[in-house]
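File shown: entry-v9.txt (compact mmCIF, C-alpha atoms).
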# COMPACT_ATOMS: atom_id res chain seq x y z
CA MET A 1 42.47 162.51 79.87
CA LEU A 2 43.89 163.57 76.55
CA ILE A 3 43.85 160.02 75.19
CA SER A 4 40.57 160.75 73.42
CA LYS A 5 42.40 163.43 71.42
CA TYR A 6 45.78 161.77 70.80
CA GLY A 7 44.88 158.08 70.76
CA ASP A 8 46.41 155.30 72.80
CA PRO A 9 49.91 155.65 74.18
CA SER A 10 52.40 152.86 73.61
CA HIS A 11 53.75 152.33 77.14
CA VAL A 12 53.51 153.13 80.82
CA ARG A 13 56.48 153.47 83.15
CA ILE A 14 56.18 153.64 86.90
CA PHE A 15 59.16 155.93 87.04
CA LYS A 16 59.85 156.46 90.72
CA CYS A 17 57.97 156.33 94.00
CA ASP A 18 58.48 158.55 97.01
CA PRO A 19 58.21 157.93 100.78
CA ASN A 20 54.74 159.56 100.77
CA GLY A 21 53.32 156.59 98.85
CA ARG A 22 52.99 158.31 95.48
CA CYS A 23 54.59 157.32 92.17
CA GLU A 24 55.66 159.47 89.30
CA THR A 25 54.19 157.58 86.36
CA HIS A 26 54.89 158.25 82.69
CA VAL A 27 52.35 157.55 79.97
CA ILE A 28 54.46 157.45 76.81
CA PHE A 29 53.28 158.31 73.30
CA GLY A 30 56.49 157.33 71.49
CA ASP A 31 55.03 157.78 68.01
CA LYS A 32 53.84 161.30 68.87
CA GLY A 33 56.86 162.42 70.88
CA MET A 34 54.92 163.06 74.10
CA VAL A 35 55.06 161.84 77.68
CA PHE A 36 52.29 162.55 80.21
CA ASN A 37 53.67 162.75 83.73
CA LEU A 38 51.18 161.60 86.38
CA TYR A 39 51.65 161.47 90.16
CA LEU A 40 49.61 158.52 91.40
CA LYS A 41 49.03 156.68 94.66
CA ASP A 42 51.20 153.56 95.05
CA GLU A 43 48.72 150.77 95.79
CA GLY A 44 51.42 148.09 95.98
CA ARG A 45 53.44 146.56 98.77
CA SER A 46 57.22 146.49 99.33
CA ASP A 47 58.54 144.90 96.13
CA THR A 48 55.66 145.66 93.75
CA ARG A 49 54.56 149.10 92.62
CA ILE A 50 50.91 149.37 91.59
CA VAL A 51 49.16 152.44 90.18
CA THR A 52 45.74 152.96 88.63
CA ILE A 53 45.44 155.17 85.56
CA SER A 54 41.92 156.46 85.07
CA ALA A 55 40.15 159.09 82.98
CA SER A 56 40.30 161.40 86.00
CA SER A 57 44.07 161.05 86.60
CA ASN A 58 45.68 164.49 86.72
CA ILE A 59 48.50 165.27 84.33
CA LEU A 60 51.26 167.23 86.09
CA LYS A 61 53.50 167.83 83.08
CA ILE A 62 53.71 167.00 79.42
CA TYR A 63 57.17 166.35 78.03
CA PHE A 64 57.82 166.70 74.32
CA ILE A 65 60.52 164.39 73.00
CA ASP A 66 61.81 163.20 69.64
CA PHE A 67 59.73 160.46 68.06
CA GLY A 68 60.33 156.89 69.20
CA LEU A 69 60.92 155.11 72.48
CA HIS A 70 64.69 155.51 72.15
CA ALA A 71 64.20 159.27 72.50
CA TYR A 72 62.50 158.78 75.88
CA PHE A 73 65.54 157.03 77.32
CA ASP A 74 67.86 159.67 75.82
CA ILE A 75 66.42 162.30 78.20
CA PRO A 76 68.82 162.90 81.11
CA GLY A 77 67.30 161.39 84.24
CA PHE A 78 64.95 159.05 82.34
CA SER A 79 67.55 156.36 81.69
CA GLY A 80 66.61 152.78 82.38
CA ASP A 81 66.06 149.40 80.83
CA PRO A 82 63.37 149.44 78.11
CA ASN A 83 62.92 145.69 78.49
CA SER A 84 61.99 145.81 82.18
CA ASP A 85 60.90 149.39 82.87
CA LEU A 86 58.27 149.80 80.15
CA ILE A 87 54.83 148.27 80.49
CA PRO A 88 52.76 147.96 77.29
CA TRP A 89 49.64 150.15 77.35
CA GLU A 90 46.43 148.17 77.88
CA GLY A 91 43.96 150.97 78.44
CA LEU A 92 42.80 152.78 81.55
CA LYS A 93 43.43 150.27 84.33
CA GLN A 94 45.74 149.20 87.13
CA TYR A 95 49.42 148.69 86.23
CA SER A 96 51.99 146.90 88.33
CA GLN A 97 55.75 146.64 88.18
CA TYR A 98 58.04 144.40 90.17
CA ASN A 99 60.65 146.46 92.00
CA PRO A 100 63.40 144.30 93.47
CA GLN A 101 64.82 145.88 96.61
Give the structure from this file in structure tokens form.
Amino acid sequence: MLISKYGDPSHVRIFKCDPNGRCETHVIFGDKGMVFNLYLKDEGRSDTRIVTISASSNILKIYFIDFGLHAYFDIPGFSGDPNSDLIPWEGLKQYSQYNPQ
């Protein structure tokens, strides 16, 4: 993954999951104005989304945004609640997010 080149991102967001059991997941570099868009297997059950980000995770797209987390939520379609949607980056690992139905 490009983390070795750009350093650690600030946050992860499990953006949306589809009926095929895959989740669009954003790895956000707010201070660099970049978002890596990954499409990962949802390992969770019903009300909890779980994805694993590894060095071999494929990047589908890279979005370039203005600097700062506020710029991420200014993108049409990326709106949400920064307090509940964003998960602080803790390295390559499994991330989970509660998703009330």
- Task: Rank nothing, just name the residue among A:Ser56, A:Gly30, A:Tyr95, A:Leu40 nearest to Asp18 in chain A, using all atoms listed in the file.
- Result: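 Looking at the shortest contact to Asp18 in chain A, the residue is A:Leu40.
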- Among the residues A:Ile75, A:Ile65, A:Cys23, A:Cys17, the one that comes closest to Val35 in chain A [using only C-alpha atoms]: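 Among the listed residues, A:Ile65 lies closest to Val35 in chain A.
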So for range 20-35 of chain A, what box centre and size do we get, axis-aligned, 8 Å extra on each of the six sides, every listed atom, Å to one decimal, as AutoDock Vina command-line options?
--center_x 54.6 --center_y 159.8 --center_z 84.4 --size_x 20.5 --size_y 22.5 --size_z 48.8
- Item | Point (47.5, 146.4, 84.4), cut-off 10 Å, counting all atoms listed in the file, residues as a PyMOL selection string | chain A and resi 12+50-53+87-97
- Task: Do a neighbour search on Tyr39 in chain A at 10 Å with only C-alpha atoms, toss out local chain neighbours closer than 4 positions, and write the hits as a list in words.
- Result: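 Close residues of Tyr39 in chain A: Ile14, Phe15, Lys16, Cys17, Arg22, Cys23, Glu24, Thr25, His26, Val51, Ile53, Ser57, Asn58, Ile59, Leu60 and Lys61 of chain A.
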- Task: Could you check how far CA of Gly68 in chain A sits from CA of Asp81 in chain A, in Å to one decimal?
- Result: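 Between these atoms lies a distance of 15.0 Å.
Closest approach to Tyr72 in chain A among A:His11, A:Asn20, A:Glu43, A:Ala55: A:His11, based on all atoms listed in the file.
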- Calculate how many Å separate CA of Phe36 in chain A from CA of Phe73 in chain A, rounding to one decimal.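 Going from CA of Phe36 in chain A over to CA of Phe73 in chain A covers 14.6 Å.
Atom pair CA of Phe29 in chain A / CA of Asp85 in chain A has a distance of 15.1 Å (rounded to one decimal).
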